[in-house]
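File shown: coords26.cif (mmCIF, C-alpha atoms, pLDDT in the B column; chains and numbers go by the auth columns).
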data_work
loop_
_atom_site.group_PDB
_atom_site.id
_atom_site.type_symbol
_atom_site.label_atom_id
_atom_site.label_comp_id
_atom_site.label_asym_id
_atom_site.label_seq_id
_atom_site.Cartn_x
_atom_site.Cartn_y
_atom_site.Cartn_z
_atom_site.B_iso_or_equiv
_atom_site.auth_seq_id
_atom_site.auth_asym_id
ATOM 1 C CA MET A 1 32.998 -7.829 -38.503 75.00 828 H
ATOM 2 C CA ALA A 2 34.160 -4.236 -38.262 76.00 829 H
ATOM 3 C CA GLY A 3 30.959 -2.550 -39.551 81.00 830 H
ATOM 4 C CA CYS A 4 28.475 -4.909 -37.856 87.00 831 H
ATOM 5 C CA ILE A 5 25.502 -2.924 -36.545 89.00 832 H
ATOM 6 C CA PHE A 6 24.891 -5.556 -33.845 91.00 833 H
ATOM 7 C CA ALA A 7 28.403 -5.482 -32.309 89.00 834 H
ATOM 8 C CA PRO A 8 27.961 -2.466 -29.970 90.00 835 H
ATOM 9 C CA TYR A 9 24.675 -3.782 -28.573 92.00 836 H
ATOM 10 C CA PHE A 10 25.170 -7.543 -28.465 92.00 837 H
ATOM 11 C CA PRO A 11 28.508 -8.221 -26.756 90.00 838 H
ATOM 12 C CA PRO A 12 30.112 -11.672 -27.231 89.00 839 H
ATOM 13 C CA GLU A 13 29.821 -12.420 -23.485 92.00 840 H
ATOM 14 C CA GLU A 14 26.008 -12.309 -23.798 92.00 841 H
ATOM 15 C CA PRO A 15 25.296 -14.735 -26.654 92.00 842 H
ATOM 16 C CA GLN A 16 21.808 -15.621 -25.335 95.00 843 H
ATOM 17 C CA LYS A 17 20.695 -12.011 -25.700 95.00 844 H
ATOM 18 C CA PHE A 18 21.327 -12.058 -29.461 94.00 845 H
ATOM 19 C CA ALA A 19 20.009 -15.610 -29.809 95.00 846 H
ATOM 20 C CA ASN A 20 16.662 -14.634 -28.235 95.00 847 H
ATOM 21 C CA VAL A 21 16.293 -11.471 -30.322 95.00 848 H
ATOM 22 C CA HIS A 22 17.244 -13.326 -33.500 95.00 849 H
ATOM 23 C CA ARG A 23 14.815 -16.163 -32.706 95.00 850 H
ATOM 24 C CA ILE A 24 11.847 -13.896 -31.947 94.00 851 H
ATOM 25 C CA PHE A 25 12.324 -10.947 -34.319 94.00 852 H
ATOM 26 C CA GLY A 26 14.832 -12.159 -36.926 94.00 853 H
ATOM 27 C CA ALA A 27 18.262 -10.636 -37.482 93.00 854 H
ATOM 28 C CA SER A 28 17.308 -8.851 -40.708 94.00 855 H
ATOM 29 C CA ASN A 29 14.287 -7.154 -39.083 95.00 856 H
ATOM 30 C CA VAL A 30 16.403 -6.009 -36.146 95.00 857 H
ATOM 31 C CA ALA A 31 19.129 -4.734 -38.505 94.00 858 H
ATOM 32 C CA LYS A 32 16.531 -2.733 -40.492 95.00 859 H
ATOM 33 C CA LEU A 33 15.100 -1.288 -37.275 95.00 860 H
ATOM 34 C CA LEU A 34 18.530 -0.277 -35.946 94.00 861 H
ATOM 35 C CA ASN A 35 19.488 1.338 -39.267 93.00 862 H
ATOM 36 C CA GLU A 36 16.300 3.443 -39.211 94.00 863 H
ATOM 37 C CA LEU A 37 16.991 4.760 -35.694 94.00 864 H
ATOM 38 C CA LEU A 38 19.345 7.521 -34.684 94.00 865 H
ATOM 39 C CA PRO A 39 22.532 6.205 -33.026 91.00 866 H
ATOM 40 C CA HIS A 40 21.560 7.541 -29.558 93.00 867 H
ATOM 41 C CA GLN A 41 18.203 5.661 -29.744 95.00 868 H
ATOM 42 C CA ARG A 42 19.617 2.266 -30.663 94.00 869 H
ATOM 43 C CA GLU A 43 20.719 1.152 -27.195 94.00 870 H
ATOM 44 C CA ASP A 44 17.229 1.702 -25.742 95.00 871 H
ATOM 45 C CA ALA A 45 15.667 -0.102 -28.704 95.00 872 H
ATOM 46 C CA VAL A 46 17.970 -3.101 -28.273 96.00 873 H
ATOM 47 C CA SER A 47 17.210 -3.211 -24.520 95.00 874 H
ATOM 48 C CA SER A 48 13.481 -3.249 -25.265 94.00 875 H
ATOM 49 C CA LEU A 49 13.844 -5.901 -27.956 96.00 876 H
ATOM 50 C CA ALA A 50 16.008 -8.075 -25.704 95.00 877 H
ATOM 51 C CA TYR A 51 13.511 -7.786 -22.832 94.00 878 H
ATOM 52 C CA GLU A 52 10.545 -8.642 -25.057 94.00 879 H
ATOM 53 C CA ALA A 53 12.449 -11.520 -26.688 95.00 880 H
ATOM 54 C CA GLU A 54 13.414 -13.013 -23.317 94.00 881 H
ATOM 55 C CA ALA A 55 9.813 -12.686 -22.096 94.00 882 H
ATOM 56 C CA ARG A 56 8.550 -14.325 -25.320 94.00 883 H
ATOM 57 C CA VAL A 57 10.991 -17.220 -24.897 94.00 884 H
ATOM 58 C CA LYS A 58 9.801 -17.768 -21.308 92.00 885 H
ATOM 59 C CA ASP A 59 6.111 -17.320 -22.160 92.00 886 H
ATOM 60 C CA PRO A 60 5.424 -17.747 -25.895 92.00 887 H
ATOM 61 C CA VAL A 61 1.737 -16.826 -25.587 92.00 888 H
ATOM 62 C CA TYR A 62 1.771 -13.682 -23.454 91.00 889 H
ATOM 63 C CA GLY A 63 5.413 -12.552 -23.480 90.00 890 H
ATOM 64 C CA CYS A 64 5.962 -9.394 -21.483 89.00 891 H
ATOM 65 C CA VAL A 65 2.196 -8.812 -21.227 92.00 892 H
ATOM 66 C CA ALA A 66 2.126 -11.430 -18.449 90.00 893 H
ATOM 67 C CA VAL A 67 4.769 -9.481 -16.524 88.00 894 H
ATOM 68 C CA ILE A 68 2.946 -6.203 -17.115 91.00 895 H
ATOM 69 C CA SER A 69 -0.325 -7.759 -15.904 92.00 896 H
ATOM 70 C CA LEU A 70 1.358 -9.081 -12.766 92.00 897 H
ATOM 71 C CA LEU A 71 2.867 -5.675 -12.058 92.00 898 H
ATOM 72 C CA GLN A 72 -0.503 -4.005 -12.682 94.00 899 H
ATOM 73 C CA ARG A 73 -2.209 -6.324 -10.168 95.00 900 H
ATOM 74 C CA GLN A 74 0.528 -5.557 -7.624 95.00 901 H
ATOM 75 C CA LEU A 75 0.068 -1.838 -8.257 95.00 902 H
ATOM 76 C CA ASP A 76 -3.702 -2.162 -7.797 94.00 903 H
ATOM 77 C CA ALA A 77 -3.171 -4.032 -4.521 94.00 904 H
ATOM 78 C CA LEU A 78 -0.771 -1.342 -3.315 95.00 905 H
ATOM 79 C CA HIS A 79 -3.278 1.374 -4.260 95.00 906 H
ATOM 80 C CA SER A 80 -5.950 -0.458 -2.252 93.00 907 H
ATOM 81 C CA GLU A 81 -3.596 -0.732 0.711 95.00 908 H
ATOM 82 C CA LEU A 82 -2.759 2.968 0.411 94.00 909 H
ATOM 83 C CA ASP A 83 -6.471 3.860 0.312 93.00 910 H
ATOM 84 C CA ALA A 84 -7.088 1.761 3.438 92.00 911 H
ATOM 85 C CA THR A 85 -4.162 3.414 5.211 93.00 912 H
ATOM 86 C CA ASN A 86 -5.415 6.873 4.229 91.00 913 H
ATOM 87 C CA ALA A 87 -8.863 5.946 5.572 90.00 914 H
ATOM 88 C CA ASP A 88 -7.250 4.873 8.866 89.00 915 H
ATOM 89 C CA LEU A 89 -5.346 8.159 9.039 88.00 916 H
ATOM 90 C CA LEU A 90 -8.544 10.075 8.399 88.00 917 H
ATOM 91 C CA ARG A 91 -10.299 8.121 11.159 86.00 918 H
ATOM 92 C CA TYR A 92 -7.472 8.845 13.617 85.00 919 H
ATOM 93 C CA ALA A 93 -7.410 12.517 12.619 83.00 920 H
ATOM 94 C CA THR A 94 -11.179 12.709 13.129 84.00 921 H
ATOM 95 C CA ALA A 95 -10.819 11.136 16.572 80.00 922 H
ATOM 96 C CA ALA A 96 -8.048 13.590 17.416 77.00 923 H
ATOM 97 C CA GLY A 97 -10.264 16.449 16.198 75.00 924 H
ATOM 98 C CA ALA A 98 -13.105 15.198 18.396 75.00 925 H
ATOM 99 C CA ALA A 99 -10.735 15.053 21.360 72.00 926 H
ATOM 100 C CA ALA A 100 -9.579 18.600 20.648 71.00 927 H
ATOM 101 C CA ALA A 101 -13.191 19.802 20.352 70.00 928 H
ATOM 102 C CA ALA A 102 -13.897 18.267 23.768 71.00 929 H
ATOM 103 C CA ASN A 103 -10.960 20.287 25.185 69.00 930 H
ATOM 104 C CA VAL A 104 -8.946 17.174 25.824 60.00 931 H
ATOM 105 C CA PRO A 105 -5.274 17.977 25.273 59.00 932 H
ATOM 106 C CA ILE A 106 -3.616 15.723 22.715 55.00 933 H
ATOM 107 C CA PRO A 107 -0.311 14.366 24.058 55.00 934 H
ATOM 108 C CA ILE A 108 2.834 14.582 21.980 53.00 935 H
ATOM 109 C CA SER A 109 3.930 11.058 21.172 51.00 936 H
ATOM 110 C CA SER A 110 7.609 10.299 21.492 47.00 937 H
ATOM 111 C CA SER A 111 7.837 9.532 17.779 46.00 938 H
ATOM 112 C CA PHE A 112 6.924 13.147 16.962 45.00 939 H
ATOM 113 C CA ALA A 113 8.776 14.818 19.814 45.00 940 H
ATOM 114 C CA PRO A 114 11.752 17.026 18.990 46.00 941 H
ATOM 115 C CA ILE A 115 15.168 15.542 19.492 46.00 942 H
ATOM 116 C CA ALA A 116 16.676 16.261 22.917 46.00 943 H
ATOM 117 C CA GLY A 117 18.245 19.699 22.885 45.00 944 H
ATOM 118 C CA GLN A 118 15.816 21.142 20.323 45.00 945 H
ATOM 119 C CA THR A 119 13.263 23.690 21.388 46.00 946 H
ATOM 120 C CA GLY A 120 9.858 22.197 22.083 45.00 947 H
ATOM 121 C CA GLY A 121 6.507 23.769 21.277 44.00 948 H
ATOM 122 C CA ALA A 122 6.302 25.490 24.680 45.00 949 H
ATOM 123 C CA GLY A 123 9.761 26.996 24.281 43.00 950 H
ATOM 124 C CA GLY A 124 11.503 24.530 26.592 45.00 951 H
ATOM 125 C CA ASN A 125 13.940 21.719 26.034 46.00 952 H
ATOM 126 C CA TYR A 126 12.822 18.209 26.817 44.00 953 H
ATOM 127 C CA THR A 127 13.642 14.606 26.106 48.00 954 H
ATOM 128 C CA ASP A 128 11.480 11.575 25.468 46.00 955 H
ATOM 129 C CA ASP A 129 11.734 10.688 29.167 48.00 956 H
ATOM 130 C CA ASP A 130 10.225 14.042 30.188 47.00 957 H
ATOM 131 C CA LEU A 131 7.129 13.729 28.016 45.00 958 H
ATOM 132 C CA PHE A 132 4.830 11.711 30.231 46.00 959 H
ATOM 133 C CA HIS A 133 6.124 12.528 33.711 52.00 960 H
ATOM 134 C CA ASP A 134 3.892 15.581 33.916 52.00 961 H
ATOM 135 C CA PRO A 135 0.646 14.550 35.687 56.00 962 H
ATOM 136 C CA ASP A 136 -1.427 16.705 33.314 54.00 963 H
ATOM 137 C CA GLN A 137 0.062 14.880 30.337 54.00 964 H
ATOM 138 C CA VAL A 138 -0.618 11.485 31.931 54.00 965 H
ATOM 139 C CA ASN A 139 -4.264 12.454 32.547 61.00 966 H
ATOM 140 C CA ALA A 140 -4.592 13.779 28.996 58.00 967 H
ATOM 141 C CA VAL A 141 -3.234 10.501 27.618 57.00 968 H
ATOM 142 C CA ALA A 142 -5.735 8.525 29.689 62.00 969 H
ATOM 143 C CA GLU A 143 -8.631 10.725 28.522 63.00 970 H
ATOM 144 C CA VAL A 144 -7.684 10.429 24.851 57.00 971 H
ATOM 145 C CA GLU A 145 -7.200 6.672 25.156 62.00 972 H
ATOM 146 C CA ALA A 146 -10.635 6.403 26.776 62.00 973 H
ATOM 147 C CA LEU A 147 -12.173 8.397 23.921 58.00 974 H
ATOM 148 C CA LEU A 148 -10.470 6.245 21.303 58.00 975 H
ATOM 149 C CA THR A 149 -11.300 2.906 22.933 60.00 976 H
ATOM 150 C CA THR A 150 -14.891 3.619 24.002 59.00 977 H
ATOM 151 C CA PRO A 151 -17.270 1.885 21.600 59.00 978 H
ATOM 152 C CA PRO A 152 -19.906 4.054 19.973 57.00 979 H
ATOM 153 C CA PRO A 153 -23.362 3.998 21.541 57.00 980 H
ATOM 154 C CA SER A 154 -25.629 1.173 20.455 54.00 981 H
ATOM 155 C CA PRO A 155 -28.498 2.084 18.145 52.00 982 H
ATOM 156 C CA TRP A 156 -30.684 -0.425 19.995 54.00 983 H
ATOM 157 C CA PRO A 157 -32.628 0.570 23.127 52.00 984 H
ATOM 158 C CA THR A 158 -31.113 -0.668 26.358 53.00 985 H
ATOM 159 C CA THR A 159 -34.099 0.033 28.603 52.00 986 H
ATOM 160 C CA LYS A 160 -36.442 -2.740 29.661 53.00 987 H
ATOM 161 C CA ILE A 161 -39.744 -2.761 27.857 51.00 988 H
ATOM 162 C CA ASN A 162 -42.622 -2.767 30.352 54.00 989 H
ATOM 163 C CA SER A 163 -45.446 -4.406 28.536 51.00 990 H
ATOM 164 C CA PRO A 164 -47.762 -7.199 29.664 52.00 991 H
ATOM 165 C CA VAL A 165 -47.650 -8.733 26.186 50.00 992 H
ATOM 166 C CA PHE A 166 -43.860 -8.625 26.162 47.00 993 H
ATOM 167 C CA ASP A 167 -43.689 -10.072 29.697 50.00 994 H
ATOM 168 C CA ARG A 168 -46.033 -12.961 28.812 49.00 995 H
ATOM 169 C CA ALA A 169 -44.107 -13.734 25.621 47.00 996 H
ATOM 170 C CA THR A 170 -40.745 -13.793 27.322 48.00 997 H
ATOM 171 C CA ARG A 171 -41.629 -15.353 30.651 51.00 998 H
ATOM 172 C CA ASN A 172 -44.171 -17.993 29.825 49.00 999 H
ATOM 173 C CA CYS A 173 -43.538 -20.079 26.729 49.00 1000 H
ATOM 174 C CA GLY A 174 -46.195 -22.582 27.644 50.00 1001 H
ATOM 175 C CA ASP A 175 -43.729 -25.293 28.598 50.00 1002 H
ATOM 176 C CA GLY A 176 -44.126 -24.652 32.313 52.00 1003 H
ATOM 177 C CA ASP A 177 -40.706 -23.052 32.726 52.00 1004 H
ATOM 178 C CA ASP A 178 -40.391 -19.400 33.518 51.00 1005 H
ATOM 179 C CA HIS A 179 -37.696 -17.821 31.387 48.00 1006 H
#
As structure tokens, how would this structure be written, given the file I've shared?
Amino acid sequence: MAGCIFAPYFPPEEPQKFANVHRIFGASNVAKLLNELLPHQREDAVSSLAYEAEARVKDPVYGCVAVISLLQRQLDALHSELDATNADLLRYATAAGAAAAANVPIPISSSFAPIAGQTGGAGGNYTDDDLFHDPDQVNAVAEVEALLTTPPPSPWPTTKINSPVFDRATRNCGDGDDH
């Protein structure tokens, strides 16, 4: 019909869209809603109704709440991953700060080096191939790698305890074997 309020928002090539909205909300309720809205708000309202109706048809109990819950869990997981990544960055920055405090030069990695032809930090031009051919840079890389890969000191004593009680307890268990 010429004056149908549904025609601009429910095209004939998408019959399922109107069928879902009609089934879930009822045509008269949707018509009342659209008549109460300003013309520029109707398209967004129909999109929302169609989305909710399709979700309700797929999941009659939860509707779009199930989708929102799934997306919320994914968002929470991504926030956790981001927090872990930020913690890693903080750990690496702390290690780099410790290396700088120990007067160990931090090498420029090739991923952060200027593009060939651009001026480097020392005022010279260099390429990725030039970065680690300098013996000082190679030594600096080795020192930083050693700092980053050296395990922290153990909180447990590593010296041998010299005690007759300790020696008797560890060497003679009473079974005739010295351990």
* To do: Can you turn the PyMOL selection byres ((chain H and resi 857) around 10) into a concrete residue list for this file, as a list in words?
  => Ile832, Phe833, Val848, His849, Phe852, Gly853, Ala854, Ser855, Asn856, Ala858, Lys859, Leu860, Leu861, Asn862, Glu863, Ala872, Val873 and Leu876 of chain H
Applied to this file, what does the PyMOL selection byres ((chain H and resi 835) around 12) return in terms of residues, put as an mmCIF file with C-alpha atoms, in the coordinates of the input?
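Full text of out-v3.cif as output:
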data_model
loop_
_atom_site.group_PDB
_atom_site.id
_atom_site.type_symbol
_atom_site.label_atom_id
_atom_site.label_comp_id
_atom_site.auth_asym_id
_atom_site.auth_seq_id
_atom_site.Cartn_x
_atom_site.Cartn_y
_atom_site.Cartn_z
ATOM 1 C CA MET H 828 32.998 -7.829 -38.503
ATOM 2 C CA ALA H 829 34.160 -4.236 -38.262
ATOM 3 C CA GLY H 830 30.959 -2.550 -39.551
ATOM 4 C CA CYS H 831 28.475 -4.909 -37.856
ATOM 5 C CA ILE H 832 25.502 -2.924 -36.545
ATOM 6 C CA PHE H 833 24.891 -5.556 -33.845
ATOM 7 C CA ALA H 834 28.403 -5.482 -32.309
ATOM 8 C CA TYR H 836 24.675 -3.782 -28.573
ATOM 9 C CA PHE H 837 25.170 -7.543 -28.465
ATOM 10 C CA PRO H 838 28.508 -8.221 -26.756
ATOM 11 C CA PRO H 839 30.112 -11.672 -27.231
ATOM 12 C CA GLU H 841 26.008 -12.309 -23.798
ATOM 13 C CA PHE H 845 21.327 -12.058 -29.461
ATOM 14 C CA LEU H 861 18.530 -0.277 -35.946
ATOM 15 C CA PRO H 866 22.532 6.205 -33.026
ATOM 16 C CA HIS H 867 21.560 7.541 -29.558
ATOM 17 C CA ARG H 869 19.617 2.266 -30.663
ATOM 18 C CA GLU H 870 20.719 1.152 -27.195
ATOM 19 C CA VAL H 873 17.970 -3.101 -28.273
#
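A straight line drawn from CA of Ala846 in chain H to CA of Tyr889 in chain H is 19.4 Å long.
Pairwise distance (CA of His906 in chain H, CA of Glu881 in chain H) equals 29.1 Å.
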* What gap, in Å, lies between CA of Ala904 in chain H and CA of Arg918 in chain H? -> 21.1 Å
